[in-house]
file entry.cif (mmCIF, N, CA and C atoms)
data_input
loop_
_atom_site.group_PDB
_atom_site.id
_atom_site.type_symbol
_atom_site.label_atom_id
_atom_site.label_comp_id
_atom_site.auth_asym_id
_atom_site.auth_seq_id
_atom_site.Cartn_x
_atom_site.Cartn_y
_atom_site.Cartn_z
ATOM 1 N N MET J 627 24.798 -8.683 -16.986
ATOM 2 C CA MET J 627 23.400 -8.482 -17.205
ATOM 3 C C MET J 627 22.937 -7.269 -16.398
ATOM 4 N N GLU J 628 22.302 -6.343 -17.061
ATOM 5 C CA GLU J 628 21.848 -5.125 -16.403
ATOM 6 C C GLU J 628 20.420 -5.275 -15.908
ATOM 7 N N LYS J 629 20.182 -4.662 -14.769
ATOM 8 C CA LYS J 629 18.816 -4.605 -14.264
ATOM 9 C C LYS J 629 18.206 -3.290 -14.703
ATOM 10 N N GLN J 630 16.997 -3.362 -15.178
ATOM 11 C CA GLN J 630 16.304 -2.137 -15.554
ATOM 12 C C GLN J 630 15.553 -1.610 -14.347
ATOM 13 N N LYS J 631 15.625 -0.305 -14.175
ATOM 14 C CA LYS J 631 14.907 0.312 -13.069
ATOM 15 C C LYS J 631 13.441 0.428 -13.448
ATOM 16 N N LYS J 632 12.595 -0.074 -12.555
ATOM 17 C CA LYS J 632 11.163 -0.029 -12.803
ATOM 18 C C LYS J 632 10.588 1.264 -12.247
ATOM 19 N N ASN J 633 9.549 1.741 -12.905
ATOM 20 C CA ASN J 633 8.866 2.927 -12.433
ATOM 21 C C ASN J 633 7.888 2.519 -11.337
ATOM 22 N N THR J 634 8.161 2.914 -10.101
ATOM 23 C CA THR J 634 7.334 2.523 -8.971
ATOM 24 C C THR J 634 6.513 3.690 -8.424
ATOM 25 N N GLY J 635 6.431 4.763 -9.163
ATOM 26 C CA GLY J 635 5.709 5.950 -8.693
ATOM 27 C C GLY J 635 4.247 5.693 -8.408
ATOM 28 N N ILE J 636 3.578 4.938 -9.274
ATOM 29 C CA ILE J 636 2.162 4.663 -9.075
ATOM 30 C C ILE J 636 1.945 3.841 -7.816
ATOM 31 N N TYR J 637 2.877 2.937 -7.514
ATOM 32 C CA TYR J 637 2.741 2.130 -6.305
ATOM 33 C C TYR J 637 2.946 2.966 -5.039
ATOM 34 N N TRP J 638 3.826 3.965 -5.106
ATOM 35 C CA TRP J 638 3.992 4.857 -3.962
ATOM 36 C C TRP J 638 2.730 5.674 -3.728
ATOM 37 N N ILE J 639 2.099 6.124 -4.787
ATOM 38 C CA ILE J 639 0.849 6.884 -4.652
ATOM 39 C C ILE J 639 -0.246 6.006 -4.054
ATOM 40 N N LEU J 640 -0.367 4.781 -4.556
ATOM 41 C CA LEU J 640 -1.372 3.862 -4.029
ATOM 42 C C LEU J 640 -1.083 3.495 -2.573
ATOM 43 N N PHE J 641 0.187 3.362 -2.235
ATOM 44 C CA PHE J 641 0.555 3.079 -0.849
ATOM 45 C C PHE J 641 0.159 4.233 0.065
ATOM 46 N N LEU J 642 0.400 5.453 -0.365
ATOM 47 C CA LEU J 642 0.034 6.610 0.458
ATOM 48 C C LEU J 642 -1.485 6.729 0.609
ATOM 49 N N ILE J 643 -2.221 6.402 -0.450
ATOM 50 C CA ILE J 643 -3.683 6.432 -0.369
ATOM 51 C C ILE J 643 -4.179 5.381 0.615
ATOM 52 N N THR J 644 -3.638 4.167 0.518
ATOM 53 C CA THR J 644 -4.080 3.123 1.445
ATOM 54 C C THR J 644 -3.633 3.408 2.877
ATOM 55 N N THR J 645 -2.528 4.118 3.051
ATOM 56 C CA THR J 645 -2.113 4.529 4.390
ATOM 57 C C THR J 645 -3.131 5.494 4.980
ATOM 58 N N ALA J 646 -3.582 6.444 4.178
ATOM 59 C CA ALA J 646 -4.600 7.386 4.647
ATOM 60 C C ALA J 646 -5.905 6.666 4.976
ATOM 61 N N VAL J 647 -6.283 5.717 4.138
ATOM 62 C CA VAL J 647 -7.505 4.944 4.393
ATOM 63 C C VAL J 647 -7.357 4.115 5.660
ATOM 64 N N LEU J 648 -6.196 3.535 5.866
ATOM 65 C CA LEU J 648 -5.950 2.733 7.061
ATOM 66 C C LEU J 648 -6.022 3.580 8.324
ATOM 67 N N ILE J 649 -5.427 4.746 8.303
ATOM 68 C CA ILE J 649 -5.474 5.654 9.463
ATOM 69 C C ILE J 649 -6.907 6.092 9.736
ATOM 70 N N PHE J 650 -7.642 6.404 8.677
ATOM 71 C CA PHE J 650 -9.042 6.778 8.829
ATOM 72 C C PHE J 650 -9.855 5.632 9.429
ATOM 73 N N ALA J 651 -9.614 4.417 8.963
ATOM 74 C CA ALA J 651 -10.341 3.253 9.464
ATOM 75 C C ALA J 651 -10.012 2.977 10.927
ATOM 76 N N ILE J 652 -8.773 3.196 11.319
ATOM 77 C CA ILE J 652 -8.400 3.000 12.716
ATOM 78 C C ILE J 652 -9.092 4.034 13.602
ATOM 79 N N ASN J 653 -9.131 5.282 13.139
ATOM 80 C CA ASN J 653 -9.761 6.338 13.927
ATOM 81 C C ASN J 653 -11.266 6.147 14.052
ATOM 82 N N ARG J 654 -11.912 5.628 13.023
ATOM 83 C CA ARG J 654 -13.364 5.448 13.018
ATOM 84 C C ARG J 654 -13.790 4.070 13.526
ATOM 85 N N HIS J 655 -12.834 3.276 13.991
ATOM 86 C CA HIS J 655 -13.109 1.923 14.498
ATOM 87 C C HIS J 655 -13.871 1.100 13.470
ATOM 88 N N PHE J 656 -13.352 1.099 12.253
ATOM 89 C CA PHE J 656 -13.959 0.356 11.145
ATOM 90 C C PHE J 656 -13.902 -1.138 11.451
ATOM 91 N N GLU J 657 -15.040 -1.813 11.321
ATOM 92 C CA GLU J 657 -15.126 -3.218 11.711
ATOM 93 C C GLU J 657 -14.316 -4.141 10.809
ATOM 94 N N TYR J 658 -14.184 -3.787 9.555
ATOM 95 C CA TYR J 658 -13.485 -4.640 8.596
ATOM 96 C C TYR J 658 -12.105 -4.075 8.254
ATOM 97 N N LEU J 659 -11.404 -3.706 9.284
ATOM 98 C CA LEU J 659 -10.075 -3.115 9.130
ATOM 99 C C LEU J 659 -9.112 -4.055 8.420
ATOM 100 N N THR J 660 -9.252 -5.332 8.649
ATOM 101 C CA THR J 660 -8.327 -6.296 8.063
ATOM 102 C C THR J 660 -8.473 -6.412 6.548
ATOM 103 N N LEU J 661 -9.544 -5.900 5.978
ATOM 104 C CA LEU J 661 -9.691 -5.916 4.525
ATOM 105 C C LEU J 661 -8.763 -4.912 3.839
ATOM 106 N N ILE J 662 -8.295 -3.930 4.569
ATOM 107 C CA ILE J 662 -7.404 -2.903 4.004
ATOM 108 C C ILE J 662 -5.952 -3.374 4.031
ATOM 109 N N LEU J 663 -5.604 -4.208 4.993
ATOM 110 C CA LEU J 663 -4.204 -4.609 5.189
ATOM 111 C C LEU J 663 -3.551 -5.293 3.983
ATOM 112 N N PRO J 664 -4.218 -6.182 3.243
ATOM 113 C CA PRO J 664 -3.542 -6.779 2.083
ATOM 114 C C PRO J 664 -3.136 -5.748 1.018
ATOM 115 N N PHE J 665 -3.994 -4.760 0.792
ATOM 116 C CA PHE J 665 -3.662 -3.711 -0.172
ATOM 117 C C PHE J 665 -2.512 -2.852 0.342
ATOM 118 N N PHE J 666 -2.549 -2.522 1.616
ATOM 119 C CA PHE J 666 -1.508 -1.724 2.255
ATOM 120 C C PHE J 666 -0.142 -2.408 2.120
ATOM 121 N N CYS J 667 -0.090 -3.682 2.460
ATOM 122 C CA CYS J 667 1.176 -4.422 2.416
ATOM 123 C C CYS J 667 1.648 -4.670 0.980
ATOM 124 N N THR J 668 0.723 -5.006 0.094
ATOM 125 C CA THR J 668 1.090 -5.287 -1.294
ATOM 126 C C THR J 668 1.667 -4.058 -1.973
ATOM 127 N N PHE J 669 1.017 -2.916 -1.816
ATOM 128 C CA PHE J 669 1.526 -1.706 -2.457
ATOM 129 C C PHE J 669 2.858 -1.268 -1.865
ATOM 130 N N PHE J 670 3.082 -1.528 -0.584
ATOM 131 C CA PHE J 670 4.369 -1.198 0.021
ATOM 132 C C PHE J 670 5.482 -2.055 -0.570
ATOM 133 N N VAL J 671 5.232 -3.344 -0.703
ATOM 134 C CA VAL J 671 6.229 -4.257 -1.275
ATOM 135 C C VAL J 671 6.496 -3.919 -2.732
ATOM 136 N N LYS J 672 5.456 -3.620 -3.491
ATOM 137 C CA LYS J 672 5.630 -3.253 -4.903
ATOM 138 C C LYS J 672 6.384 -1.931 -5.043
ATOM 139 N N ALA J 673 6.111 -0.985 -4.149
ATOM 140 C CA ALA J 673 6.793 0.317 -4.204
ATOM 141 C C ALA J 673 8.283 0.174 -3.920
ATOM 142 N N LEU J 674 8.640 -0.738 -3.038
ATOM 143 C CA LEU J 674 10.056 -0.961 -2.746
ATOM 144 C C LEU J 674 10.706 -1.878 -3.769
ATOM 145 N N ASP J 675 9.918 -2.411 -4.692
ATOM 146 C CA ASP J 675 10.375 -3.290 -5.770
ATOM 147 C C ASP J 675 11.026 -4.551 -5.206
ATOM 148 N N ILE J 676 10.397 -5.112 -4.190
ATOM 149 C CA ILE J 676 10.885 -6.351 -3.595
ATOM 150 C C ILE J 676 10.444 -7.544 -4.438
ATOM 151 N N MET J 677 9.220 -7.500 -4.936
ATOM 152 C CA MET J 677 8.703 -8.592 -5.757
ATOM 153 C C MET J 677 8.935 -8.323 -7.225
#

call {"tool": "encode", "arguments": {"input": "entry.cif", "output": "structure tokens"}}
result
Amino acid sequence: MEKQKKNTGIYWILFLITTAVLIFAINRHFEYLTLILPFFCTFFVKALDIM
């Protein structure tokens, strides 16, 4: 049984965007920093095709 390679390019782009947002939020002492973390982690896992 062959595994098909999935296109994960969009997830890498979204991961990089959320990384930039996370860094910006850390620098600006954003009060709701934890709201960014689920998106950051989810896009990283999807980009690595773990799920």

call {"tool": "atom_distance", "arguments": {"input": "entry.cif", "atom1": "CA of Asp675 in chain J", "atom2": "CA of Leu659 in chain J"}}
result
25.3 Å

call {"tool": "resolve_selection", "arguments": {"input": "entry.cif", "expression": "the PyMOL selection byres (((chain J and resi 642-652 and name CA) around 9) and name CA)", "output": "ChimeraX atom specification"}}
result
/J:637-641,653-659,662-663,665-666,669-670

call {"tool": "atom_distance", "arguments": {"input": "entry.cif", "atom1": "atom C of Lys632 in chain J", "atom2": "atom C of Thr668 in chain J"}}
result
14.6 Å

call {"tool": "atom_distance", "arguments": {"input": "entry.cif", "atom1": "CA of Gln630 in chain J", "atom2": "atom C of Ile676 in chain J"}}
result
13.7 Å

call {"tool": "select_by_dssp", "arguments": {"input": "entry.cif", "residues": "chain J", "states": "helix (DSSP H, G or I)", "output": "JSON, numbers by chain"}}
result
{"J": [635, 636, 637, 638, 639, 640, 641, 642, 643, 644, 645, 646, 647, 648, 649, 650, 651, 652, 653, 659, 660, 661, 663, 664, 665, 666, 667, 668, 669, 670, 671, 672, 673]}
